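K.L.:
The structure file entry_32.txt (compact mmCIF, C-alpha atoms) is provided below.
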# COMPACT_ATOMS: atom_id res chain seq x y z
CA MET A 806 53.98 78.63 45.00
CA LYS A 807 50.31 79.21 45.69
CA LEU A 808 48.99 81.45 48.44
CA GLN A 809 45.29 81.65 49.15
CA SER A 810 43.07 83.07 51.88
CA HIS A 811 40.06 85.35 52.36
CA GLY A 812 39.03 85.02 48.72
CA ILE A 813 42.39 86.20 47.42
CA GLU A 814 44.74 83.83 45.67
CA THR A 815 48.04 84.17 43.90
CA ASP A 816 50.67 81.98 42.33
CA LEU A 817 53.99 83.49 43.30
CA PRO A 818 56.90 83.41 40.85
CA PRO A 819 60.31 82.10 41.94
CA GLY A 820 61.91 84.19 44.66
CA TRP A 821 58.64 85.66 45.91
CA GLU A 822 56.87 84.91 49.16
CA GLY A 823 53.74 86.28 50.73
CA ARG A 824 51.28 86.59 53.58
CA ILE A 825 47.54 87.12 53.65
CA ALA A 826 46.29 88.20 57.04
CA VAL A 827 43.59 89.97 58.91
CA ARG A 828 44.97 92.11 61.69
CA THR A 829 43.98 91.05 65.19
CA PRO A 830 41.37 93.52 66.47
CA PRO A 831 42.21 95.52 69.59
CA ASP A 832 41.15 94.03 72.89
CA PRO A 833 38.50 96.26 74.53
CA ALA A 834 39.83 95.50 78.02
CA ALA A 835 43.34 96.49 77.00
CA ALA A 836 41.96 99.62 75.34
CA LEU A 837 40.38 100.67 78.60
CA ARG A 838 43.65 100.15 80.42
CA GLU A 839 45.61 102.04 77.75
CA GLY A 840 43.46 105.02 77.04
CA GLY A 841 41.34 105.45 80.11
CA GLY A 842 38.10 105.22 78.18
CA SER A 843 39.29 106.19 74.71
CA ARG A 844 38.24 103.87 71.90
CA VAL A 845 41.49 104.54 70.04
CA THR A 846 44.27 102.12 70.90
CA SER A 847 47.77 101.37 69.73
CA ARG A 848 46.31 98.46 67.73
CA GLY A 849 43.55 100.49 66.06
CA HIS A 850 40.06 101.80 66.78
CA LEU A 851 37.73 99.60 68.76
CA ASP A 852 34.93 100.10 66.23
CA GLU A 853 37.17 99.57 63.22
CA ALA A 854 36.07 96.96 60.68
CA ILE A 855 39.17 94.95 59.79
CA PHE A 856 39.76 93.56 56.32
CA PRO A 857 42.45 91.35 54.80
CA VAL A 858 45.84 92.68 53.82
CA VAL A 859 48.17 90.92 51.37
CA HIS A 860 51.92 91.35 51.50
CA LEU A 861 54.00 89.96 48.65
CA GLY A 862 57.74 90.45 48.34
CA ASN A 863 60.80 89.13 46.56
CA PHE A 864 62.70 89.25 49.86
CA PRO A 865 62.21 87.64 53.28
CA LEU A 866 59.21 89.39 54.81
CA PRO A 867 59.66 90.15 58.50
CA ASP A 868 56.92 89.08 60.90
CA ASP A 869 56.39 92.51 62.36
CA ARG A 870 54.79 94.49 59.53
CA GLY A 871 52.28 97.26 59.37
CA ASP A 872 49.39 97.14 56.93
CA PHE A 873 51.26 99.35 54.48
CA GLY A 874 54.59 97.65 54.87
CA SER A 875 56.21 99.47 57.76
CA GLY A 876 58.78 97.09 59.16
CA ALA A 877 59.23 95.47 55.76
CA VAL A 878 60.37 98.55 53.87
CA ASP A 879 63.09 99.06 56.45
CA VAL A 880 64.85 95.84 55.43
CA MET A 881 64.45 96.18 51.66
CA ALA A 882 67.55 96.01 49.47
CA ASP A 883 67.99 97.72 46.10
CA GLN A 884 66.53 94.83 44.09
CA ASP A 885 63.53 94.30 46.38
CA VAL A 886 59.88 94.92 45.65
CA LEU A 887 57.01 94.95 48.11
CA ILE A 888 53.40 94.63 46.96
CA VAL A 889 50.59 95.46 49.36
CA LEU A 890 46.93 94.79 48.64
CA ALA A 891 44.82 96.35 51.36
CA GLU A 892 41.07 95.80 51.27
CA TYR A 893 38.58 98.49 52.27
CA GLY A 894 34.98 98.17 53.35
CA PRO A 895 32.28 97.16 50.88
CA GLU A 896 30.81 100.67 51.04
CA CYS A 897 33.93 101.90 49.19
CA ALA A 898 33.51 99.62 46.18
CA ASN A 899 32.84 101.47 42.91
CA THR A 900 33.04 104.88 44.58
CA ALA A 901 35.03 107.65 42.84
CA LEU A 902 38.36 106.73 44.42
CA PHE A 903 37.86 103.05 43.70
CA SER A 904 36.33 103.52 40.24
CA ARG A 905 39.10 101.67 38.40
CA GLN A 906 37.82 98.19 37.60
CA GLY A 907 40.03 95.17 37.99
CA MET A 908 43.47 94.58 39.42
CA PRO A 909 46.11 96.89 37.91
CA THR A 910 48.72 94.63 36.38
CA LYS A 911 50.78 96.97 34.24
CA LEU A 912 53.21 98.99 36.28
CA THR A 913 55.65 101.35 34.60
CA PRO A 914 58.63 103.22 36.11
CA ASN A 915 56.99 106.62 35.64
CA MET A 916 54.19 105.60 38.03
CA PHE A 917 56.65 105.55 40.93
CA SER A 918 57.69 108.43 43.12
CA SER A 919 59.21 108.96 46.53
CA ALA A 920 56.25 111.26 47.26
CA ALA A 921 53.92 108.26 47.14
CA LEU A 922 55.70 106.49 49.98
CA GLN A 923 53.92 106.08 53.26
CA ARG A 924 57.31 106.33 54.91
CA THR A 925 60.06 108.08 52.98
CA LEU A 926 63.33 106.18 52.89
CA PRO A 927 66.35 107.18 50.76
CA GLY A 928 66.27 105.75 47.25
CA GLN A 929 62.87 104.07 47.62
CA ALA A 930 59.83 104.89 45.51
CA GLY A 931 56.18 103.95 45.74
CA CYS A 932 52.99 103.79 43.76
CA GLN A 933 49.38 103.69 44.98
CA LEU A 934 46.38 102.68 42.92
CA TRP A 935 42.81 102.17 44.08
CA PHE A 936 40.46 99.79 42.35
CA THR A 937 37.39 97.61 42.64
CA ASP A 938 37.56 93.94 41.75
CA ALA A 939 34.81 91.35 42.22
CA GLY A 940 32.81 93.95 44.12
CA ARG A 941 35.62 94.46 46.64
CA ALA A 942 37.55 97.71 47.11
CA PHE A 943 41.35 97.57 47.30
CA CYS A 944 44.39 99.79 47.46
CA LEU A 945 47.42 98.50 45.61
CA TYR A 946 50.61 99.88 47.12
CA VAL A 947 53.95 98.94 45.58
CA VAL A 948 57.34 99.91 46.99
CA LEU A 949 60.65 99.63 45.15
CA GLY A 950 63.87 99.24 47.11
CA ARG A 951 65.56 101.61 44.68
CA GLN A 952 63.73 103.73 42.15
CA SER A 953 66.54 103.51 39.61
CA ASN A 954 66.02 99.74 39.44
CA ALA A 955 62.36 100.09 38.44
CA ALA A 956 62.77 98.89 34.86
CA ARG A 957 64.69 95.84 36.04
CA VAL A 958 62.37 94.69 38.84
CA LEU A 959 58.92 95.71 37.62
CA PRO A 960 58.47 92.79 35.18
CA SER A 961 58.61 90.42 38.14
CA ALA A 962 56.08 92.54 40.08
CA THR A 963 53.81 92.68 37.03
CA LYS A 964 53.98 88.90 36.72
CA THR A 965 53.04 88.54 40.38
CA LEU A 966 50.05 90.86 40.04
CA SER A 967 48.90 89.11 36.88
CA ALA A 968 48.81 85.83 38.78
CA THR A 969 46.69 87.28 41.57
CA ARG A 970 42.93 86.74 41.61
CA ILE A 971 40.19 88.19 43.79
CA ARG A 972 36.91 86.36 44.29
CA PRO A 973 33.62 87.96 45.35
CA ARG A 974 32.78 87.77 49.02
CA MET B 592 49.45 -3.19 84.76
CA ILE B 593 47.08 -1.65 82.29
CA VAL B 594 46.73 1.36 84.56
CA VAL B 595 50.51 1.81 84.72
CA VAL B 596 50.80 1.60 80.93
CA VAL B 597 48.02 4.15 80.48
CA VAL B 598 49.61 6.51 83.02
CA LEU B 599 53.02 6.16 81.39
CA GLY B 600 51.48 6.73 77.97
CA ALA B 601 49.77 9.88 79.21
CA ALA B 602 53.03 11.11 80.75
CA VAL B 603 54.89 10.53 77.48
CA ALA B 604 52.17 12.39 75.58
CA VAL B 605 52.34 15.37 77.96
CA LEU B 606 56.14 15.46 77.80
CA GLY B 607 55.97 15.25 74.02
CA LEU B 608 53.66 18.26 73.94
CA LEU B 609 56.05 20.16 76.23
CA VAL B 610 59.00 19.36 73.93
CA ILE B 611 57.00 20.53 70.88
CA GLY B 612 56.07 23.73 72.70
CA LEU B 613 59.70 24.39 73.65
CA LEU B 614 60.87 23.81 70.08
CA ARG B 615 58.25 26.21 68.75
CA SER B 616 59.22 28.81 71.32
CA HIS B 617 62.90 28.42 70.42
CA ALA B 618 62.10 28.75 66.73
CA GLU B 619 60.12 31.90 67.42
CA ILE B 620 63.02 33.41 69.37
CA LEU B 621 65.44 32.62 66.56
CA LYS B 622 63.06 34.14 64.03
CA ARG B 623 62.77 37.34 66.06
CA LEU B 624 66.55 37.54 66.48
CA HIS B 625 66.96 37.05 62.76
CA ASP B 626 64.48 39.85 62.08
CA LEU B 627 66.51 42.11 64.37
CA GLY B 628 69.65 41.31 62.41
CA ALA B 629 71.30 39.31 65.18
CA GLY B 630 70.86 35.88 63.71
CA ILE B 631 73.52 33.32 64.43
CA GLU B 632 76.07 32.72 61.70
CA SER B 633 74.96 35.91 59.96
CA GLU B 634 78.59 36.84 59.24
CA PRO B 635 80.40 33.59 58.46
CA THR B 636 83.52 35.39 57.23
CA SER B 637 84.15 37.29 60.45
CA THR B 638 87.10 36.16 62.47
CA VAL B 639 87.96 36.47 66.10
CA GLY B 640 89.87 39.65 66.79
CA SER B 641 88.91 41.41 63.56
CA GLN B 642 87.35 44.86 63.64
CA PRO B 643 83.54 44.83 63.68
CA SER B 644 82.25 45.68 60.22
CA MET B 645 80.22 48.86 59.73
CA PRO B 646 76.62 48.06 58.80
CA ALA B 647 75.50 49.36 55.45
CA ASN B 648 72.37 50.94 56.88
CA PRO B 649 72.91 51.64 60.58
CA GLN B 650 69.69 51.47 62.50
CA PRO B 651 68.94 53.14 65.83
CA GLY B 652 68.50 50.63 68.60
CA ARG B 653 70.44 47.99 66.72
CA ASP B 654 73.66 49.72 65.73
CA PHE B 655 73.60 52.78 67.99
CA GLN B 656 71.46 54.48 70.58
CA VAL B 657 69.92 57.93 70.51
CA MET B 658 69.30 59.99 73.60
CA PRO B 659 65.87 59.73 75.19
CA GLN B 660 63.38 62.25 73.78
CA MET B 661 65.41 62.53 70.58
CA PRO B 662 64.11 61.37 67.20
CA SER B 663 65.99 58.61 65.44
CA PRO B 664 67.52 59.58 62.11
CA PRO B 665 65.52 58.80 58.99
CA GLU B 666 66.16 55.47 57.28
CA ARG B 667 67.60 56.99 54.13
CA GLU B 668 71.02 57.71 52.81
CA GLY B 669 72.07 61.30 52.34
CA PHE B 670 70.08 64.42 52.95
CA GLY B 671 66.39 64.79 52.22
CA GLY B 672 64.86 67.26 49.84
CA ALA B 673 64.19 70.92 50.44
CA ALA B 674 60.99 72.75 49.60
CA ASP B 675 59.47 76.15 50.01
CA LEU B 676 57.22 76.43 53.04
CA ALA B 677 53.49 77.08 53.06
CA GLY B 678 51.28 77.06 56.11
CA THR B 679 49.46 79.24 58.59
CA GLY B 680 50.61 81.56 61.32
CA PRO B 681 49.81 80.20 64.78
CA GLY B 682 46.89 81.96 66.41
CA THR B 683 46.43 84.47 63.60
CA GLY B 684 45.08 82.38 60.74
CA GLU B 685 47.54 84.19 58.51
CA ALA B 686 48.27 82.38 55.25
CA VAL B 687 52.04 82.23 54.90
CA THR B 688 54.43 81.19 52.16
CA LEU B 689 58.16 81.33 52.75
CA ARG B 690 60.70 80.98 50.01
CA VAL B 691 63.56 78.66 50.95
CA THR B 692 64.93 77.61 47.57
CA GLY B 693 66.19 79.83 44.79
CA VAL B 694 66.89 82.76 47.09
CA GLY B 695 70.04 84.56 48.14
CA HIS B 696 69.87 83.65 51.81
CA ASP B 697 70.23 80.32 53.59
CA THR B 698 67.45 79.01 55.83
CA ILE B 699 67.55 76.91 58.97
CA VAL B 700 64.20 75.18 59.34
CA ALA B 701 63.55 74.14 62.94
CA PHE B 702 60.88 71.46 63.17
CA LEU B 703 59.46 71.66 66.68
CA SER B 704 56.42 70.52 68.57
CA SER B 705 54.50 72.14 71.40
CA GLY B 706 54.52 68.91 73.40
CA CYS B 707 57.98 67.38 73.22
CA VAL B 708 60.18 67.94 76.25
CA THR B 709 63.41 68.64 74.36
CA CYS B 710 61.66 71.17 72.13
CA GLN B 711 61.02 73.38 75.14
CA ARG B 712 64.73 74.25 75.27
CA PHE B 713 64.60 75.42 71.67
CA TRP B 714 61.39 77.42 72.12
CA GLU B 715 63.11 79.11 75.06
CA ALA B 716 66.37 79.72 73.17
CA PHE B 717 64.55 81.21 70.18
CA ARG B 718 63.02 83.91 72.39
CA LYS B 719 66.40 85.62 72.27
CA PRO B 720 67.26 85.66 68.55
CA ARG B 721 70.35 87.83 69.01
CA LYS B 722 71.94 85.18 71.20
CA LEU B 723 71.44 82.46 68.60
CA ALA B 724 74.55 83.57 66.70
CA LEU B 725 73.09 82.54 63.36
CA PRO B 726 75.50 82.54 60.42
CA PRO B 727 75.34 85.79 58.43
CA GLY B 728 72.61 85.83 55.80
CA THR B 729 70.74 82.97 57.41
CA ARG B 730 67.04 82.98 58.22
CA LEU B 731 65.62 80.86 61.03
CA VAL B 732 62.09 79.51 60.56
CA VAL B 733 60.22 77.41 63.11
CA VAL B 734 57.77 74.89 61.70
CA THR B 735 55.26 72.84 63.68
CA LYS B 736 52.69 70.46 62.33
CA GLY B 737 49.36 71.91 61.31
CA ALA B 738 46.27 72.34 63.44
CA ASP B 739 45.28 68.77 62.59
CA ALA B 740 48.18 67.48 64.71
CA GLU B 741 49.06 70.36 67.03
CA SER B 742 47.38 72.64 69.52
CA GLU B 743 47.29 75.97 67.73
CA SER B 744 46.84 77.92 70.95
CA ALA B 745 49.82 76.15 72.54
CA VAL B 746 52.01 76.89 69.52
CA ALA B 747 50.83 80.52 69.52
CA LYS B 748 51.92 80.86 73.15
CA LEU B 749 55.31 79.28 72.46
CA ALA B 750 56.03 81.06 69.17
CA PRO B 751 58.92 83.47 69.71
CA SER B 752 58.22 87.00 68.59
CA GLY B 753 61.50 87.46 66.74
CA VAL B 754 61.40 84.24 64.71
CA THR B 755 58.94 83.37 61.96
CA THR B 756 56.78 80.43 63.03
CA ILE B 757 54.37 78.57 60.77
CA MET B 758 52.21 75.49 61.11
CA SER B 759 52.51 73.06 58.22
CA THR B 760 52.16 69.29 58.31
CA GLN B 761 53.13 69.23 54.63
CA ALA B 762 56.56 70.63 55.47
CA PHE B 763 57.27 67.63 57.73
CA THR B 764 56.51 65.39 54.77
CA ASP B 765 58.47 67.46 52.27
CA TYR B 766 61.59 67.40 54.42
CA ASP B 767 61.12 63.77 55.54
CA VAL B 768 61.34 64.79 59.19
CA PRO B 769 61.65 61.78 61.54
CA GLY B 770 60.42 63.66 64.63
CA SER B 771 60.83 66.75 66.74
CA PRO B 772 63.12 68.51 67.37
CA TYR B 773 64.81 68.32 63.98
CA PHE B 774 66.78 70.89 62.02
CA VAL B 775 67.51 71.29 58.33
CA GLN B 776 69.81 73.88 56.82
CA VAL B 777 69.08 74.77 53.21
CA HIS B 778 71.48 76.56 50.91
CA GLY B 779 69.24 79.19 49.31
CA PRO B 780 70.85 79.72 45.88
CA SER B 781 71.07 76.00 45.09
CA GLY B 782 68.01 74.94 47.08
CA LYS B 783 69.91 71.95 48.42
CA VAL B 784 70.11 70.69 51.97
CA ARG B 785 73.50 71.45 53.48
CA GLY B 786 73.01 69.71 56.78
CA GLU B 787 70.34 68.16 58.94
CA GLY B 788 70.01 66.49 62.29
CA THR B 789 69.07 67.09 65.87
CA GLY B 790 70.58 67.71 69.26
CA PRO B 791 69.66 68.28 72.88
CA ASP B 792 70.12 72.05 72.75
CA TRP B 793 70.74 74.94 70.36
CA ASP B 794 74.50 75.06 70.97
CA GLN B 795 74.93 71.50 69.74
CA VAL B 796 72.62 72.00 66.78
CA ARG B 797 74.40 75.22 65.81
CA SER B 798 77.75 73.44 66.04
CA MET B 799 76.49 70.60 63.84
CA LEU B 800 75.09 72.96 61.23
CA SER B 801 78.15 75.20 61.17
CA GLN B 802 80.27 72.11 60.59
CA ALA B 803 78.05 71.23 57.63
CA THR B 804 78.49 74.76 56.30
CA ASP B 805 82.26 74.56 56.72
CA ASP B 806 82.32 71.24 54.88
CA ALA B 807 80.30 72.67 52.00
CA GLU B 808 82.51 75.76 51.78
CA LEU B 809 85.66 73.64 51.82
CA ALA B 810 84.28 71.45 49.05
CA GLY B 811 83.46 74.60 47.08
CA ARG B 812 86.96 75.98 47.54
CA LEU B 813 88.54 72.71 46.47
CA ALA B 814 86.35 72.57 43.40
CA GLY B 815 87.24 76.17 42.63
CA SER B 816 90.96 75.45 42.85
CA ASN B 817 90.86 72.97 39.97
CA VAL B 818 92.86 74.33 37.07
CA ALA B 819 90.78 74.64 33.95
CA LYS B 820 92.16 73.28 30.74
CA PRO B 821 93.49 76.10 28.53
CA ASP B 822 91.11 77.05 25.75
CA ALA B 823 93.67 76.27 23.07
CA ASP B 824 94.12 72.72 24.40
CA ALA B 825 90.40 72.15 24.60
CA ALA B 826 89.89 73.47 21.06
CA ARG B 827 92.71 71.30 19.72
CA GLU B 828 91.28 68.22 21.45
CA ALA B 829 87.82 68.92 20.01
CA ARG B 830 89.27 69.40 16.51
CA ILE B 831 91.22 66.14 16.67
CA ASP B 832 88.17 64.24 17.94
CA ARG B 833 86.08 65.68 15.14
CA GLU B 834 88.63 64.84 12.43
CA LEU B 835 89.10 61.31 13.72
CA PHE B 836 85.36 60.77 13.83
CA GLU B 837 84.99 62.04 10.27
CA ALA B 838 87.75 59.62 9.24
CA GLY B 839 85.77 56.75 10.74
CA VAL B 840 87.82 56.41 13.93
CA GLU B 841 85.33 56.28 16.74
CA PRO B 842 86.00 56.23 20.48
CA GLY B 843 87.50 52.87 21.48
CA ASP B 844 88.88 52.14 18.01
CA PRO B 845 91.90 49.76 18.37
CA SER B 846 94.02 51.98 16.17
CA LEU B 847 93.95 54.61 18.90
CA TYR B 848 95.88 52.33 21.21
CA ALA B 849 98.49 50.94 18.83
CA VAL B 850 102.15 51.74 19.52
CA VAL B 851 104.70 52.61 16.82
CA GLY B 852 105.74 49.56 14.85
CA ASP B 853 102.57 47.57 15.49
CA ASP B 854 100.05 46.74 12.85
CA PRO B 855 96.87 48.69 13.72
CA GLU B 856 94.78 45.97 12.12
CA SER B 857 96.05 43.40 14.60
CA GLY B 858 94.66 45.28 17.60
CA PRO B 859 96.35 46.56 20.72
CA ALA B 860 100.06 45.92 21.05
CA HIS B 861 99.86 44.94 24.70
CA ASP B 862 97.97 42.15 26.34
CA GLY B 863 94.57 42.55 27.86
CA GLU B 864 91.92 45.20 27.41
CA ALA B 865 92.64 48.41 25.62
CA ASP B 866 93.08 51.29 28.00
CA PRO B 867 90.28 53.70 27.12
CA ARG B 868 92.14 56.74 28.47
I need this file expressed as structure tokens, please.
P.N.:
Amino acid sequence: MKLQSHGIETDLPPGWEGRIAVRTPPDPAAALREGGGSRVTSRGHLDEAIFPVVHLGNFPLPDDRGDFGSGAVDVMADQDVLIVLAEYGPECANTALFSRQGMPTKLTPNMFSSAALQRTLPGQAGCQLWFTDAGRAFCLYVVLGRQSNAARVLPSATKTLSATRIRPR
Amino acid sequence: MIVVVVVLGAAVAVLGLLVIGLLRSHAEILKRLHDLGAGIESEPTSTVGSQPSMPANPQPGRDFQVMPQMPSPPEREGFGGAADLAGTGPGTGEAVTLRVTGVGHDTIVAFLSSGCVTCQRFWEAFRKPRKLALPPGTRLVVVTKGADAESESAVAKLAPSGVTTIMSTQAFTDYDVPGSPYFVQVHGPSGKVRGEGTGPDWDQVRSMLSQATDDAELAGRLAGSNVAKPDADAAREARIDRELFEAGVEPGDPSLYAVVGDDPESGPAHDGEADPR
């Protein structure tokens, strides 16, 4: 099943589904009401440049998800995998943090740790990798529903990443 | 005299034209009735007092009526196909793919429209997902047609926050949806449609779909209660078949159906066709 938007495309293997979205920017009027003049709102900073975020999972993705999977990780079962591809601004491309070139496609169990989770949940483990592909800077964030299942579920995640392409802007 | 003859001739001509016109009109009416399936003498074998026969392909309007604002059922036998869903999120431009087949959960796909009157009841009901009493392990997905056939802003306003809503004209084609509102329940592991149809409100649709689920589960239980042939019997049967085949006795051979005392060469001992059992 193909998924394509914002110059990112993937061909999802059986059992996987996905979303590619750009978060709705905060409404300045609402920000004024919320913060009494502050430019920081519950939906982000008013001056924030917003870039696409990809969520891929082998489980039903809930509608209410944060950029790094909050909301989705809460409903993950032991066999579930969540892949997040979050794009950063063009100024980040090829900088030290994003010096790795190309999409990482080989994930191994020893790359995962509960310390890498954005939100620590019992049994879960995460992995974060930063890279530049097609001149665009991305963070790859992968969450496993249960760390002990890594060897069993990672081949499917690797296949999904291998089928994902990023085109230049 | 000549004038009278001419007048009478004209009158006959006019009346003749009227008769021709009436005959043509009558023929047209009969043709239309025939097209509608109500032609005279269409069922010559029917007798007075017999039960009306069930049409092979019942058609709405001819064989039954549907409620106003409700789509007529599709003109096909059996359920339609199921497919994974791909579309966009209303008002967000989000690219969405939802897996319906080959997954552990079942999915109820609700095909709605922003404009249809009956759909409003479903949009309203879906705002309270906890009150929907969905079967355990079942995902509800609302699908409208794409932005080419729907008002995206209207769908975005109607889309309930607790239920995934996508816009996809392709899904209407994939599921052979006759109109909105329409509901299809897909069994995730098999990817097959378990039930489909429509109703005036969620309670009726839920009842219809739960009945379809019950039917499928009953069929599964009945299939599961069949006693398997013991392995030894199956192995013996396979060995005998193999040995007979090697000896030149193929399925249907007359010698297989001979009774004791008959000459196998003369064919079956009883009259008629050999029983292939």
K.L.:
Tell me, as a PyMOL selection string, which residues lie within 9 Å of Ile855 of chain A, counting all atoms listed in the file; anything in the same chain fewer than 6 positions away does not count.
P.N.:
chain A and resi 827-830+892-894
K.L.:
Would you list the contacts of Val948 of chain A as a list in words, taking every protein, DNA or RNA residue within 7 Å and counting only C-alpha atoms, but skipping same-chain residues closer than 3 positions in sequence?
P.N.:
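Contacts, in chain order: Val886, Leu887, Ile888, Gln929, Ala930, Gly931 and Cys932 of chain A.
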K.L.:
Can you write out the residues you just picked, keeping C-alpha atoms, as a PDB file, in the coordinates of the input?
P.N.:
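Wrote result_0.pdb, looks like this:
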ATOM      1  CA  VAL A 886      59.880  94.920  45.650  1.00  0.00           C
ATOM      2  CA  LEU A 887      57.010  94.950  48.110  1.00  0.00           C
ATOM      3  CA  ILE A 888      53.400  94.630  46.960  1.00  0.00           C
ATOM      4  CA  GLN A 929      62.870 104.070  47.620  1.00  0.00           C
ATOM      5  CA  ALA A 930      59.830 104.890  45.510  1.00  0.00           C
ATOM      6  CA  GLY A 931      56.180 103.950  45.740  1.00  0.00           C
ATOM      7  CA  CYS A 932      52.990 103.790  43.760  1.00  0.00           C
TER       8      CYS A 932
END
K.L.:
Any chance you could tabulate, as CSV, the residues of chain B at most 6 Å from chain A with each one's nearest atom pair and distance in Å to one decimal, using all atoms listed in the file, in chain and rising number order?
P.N.:
residue,atom,partner,partner_atom,distance
B:Glu685,CA,A:Ala826,CA,4.5
B:Ala686,CA,A:Ile825,CA,5.1
B:Val687,CA,A:Arg824,CA,4.6
B:Thr688,CA,A:Gly823,CA,5.3
B:Leu689,CA,A:Glu822,CA,5.2
B:Arg690,CA,A:Glu822,CA,5.6
B:Val694,CA,A:Gly820,CA,5.7
K.L.:
In the coordinate frame of the file, compute which residues have an atom within 7 Å of (59.9, 109.5, 39.5) when using only C-alpha atoms, and state them as a PyMOL selection string.
P.N.:
chain A and resi 915+917-918
K.L.:
Here's a test: counting all atoms listed in the file, identify every protein, DNA and RNA residue with an atom at most 8 Å from (42.9, 88.5, 42.5) in the file's coordinate frame, and state them as a ChimeraX atom specification.
P.N.:
/A:813-815,908,938,966,968-972
K.L.:
Which residue out of B:Arg812, B:Val595, B:Val691, B:Asp832 has the minimum interatomic distance to Gly672 of chain B when only C-alpha atoms are used?
P.N.:
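Once distances to Gly672 of chain B are computed over only C-alpha atoms, the minimum belongs to B:Val691.
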K.L.:
Distance atom CA of Gly874 of chain A-atom CA of Ala955 of chain A, one decimal place?
P.N.:
18.3 Å
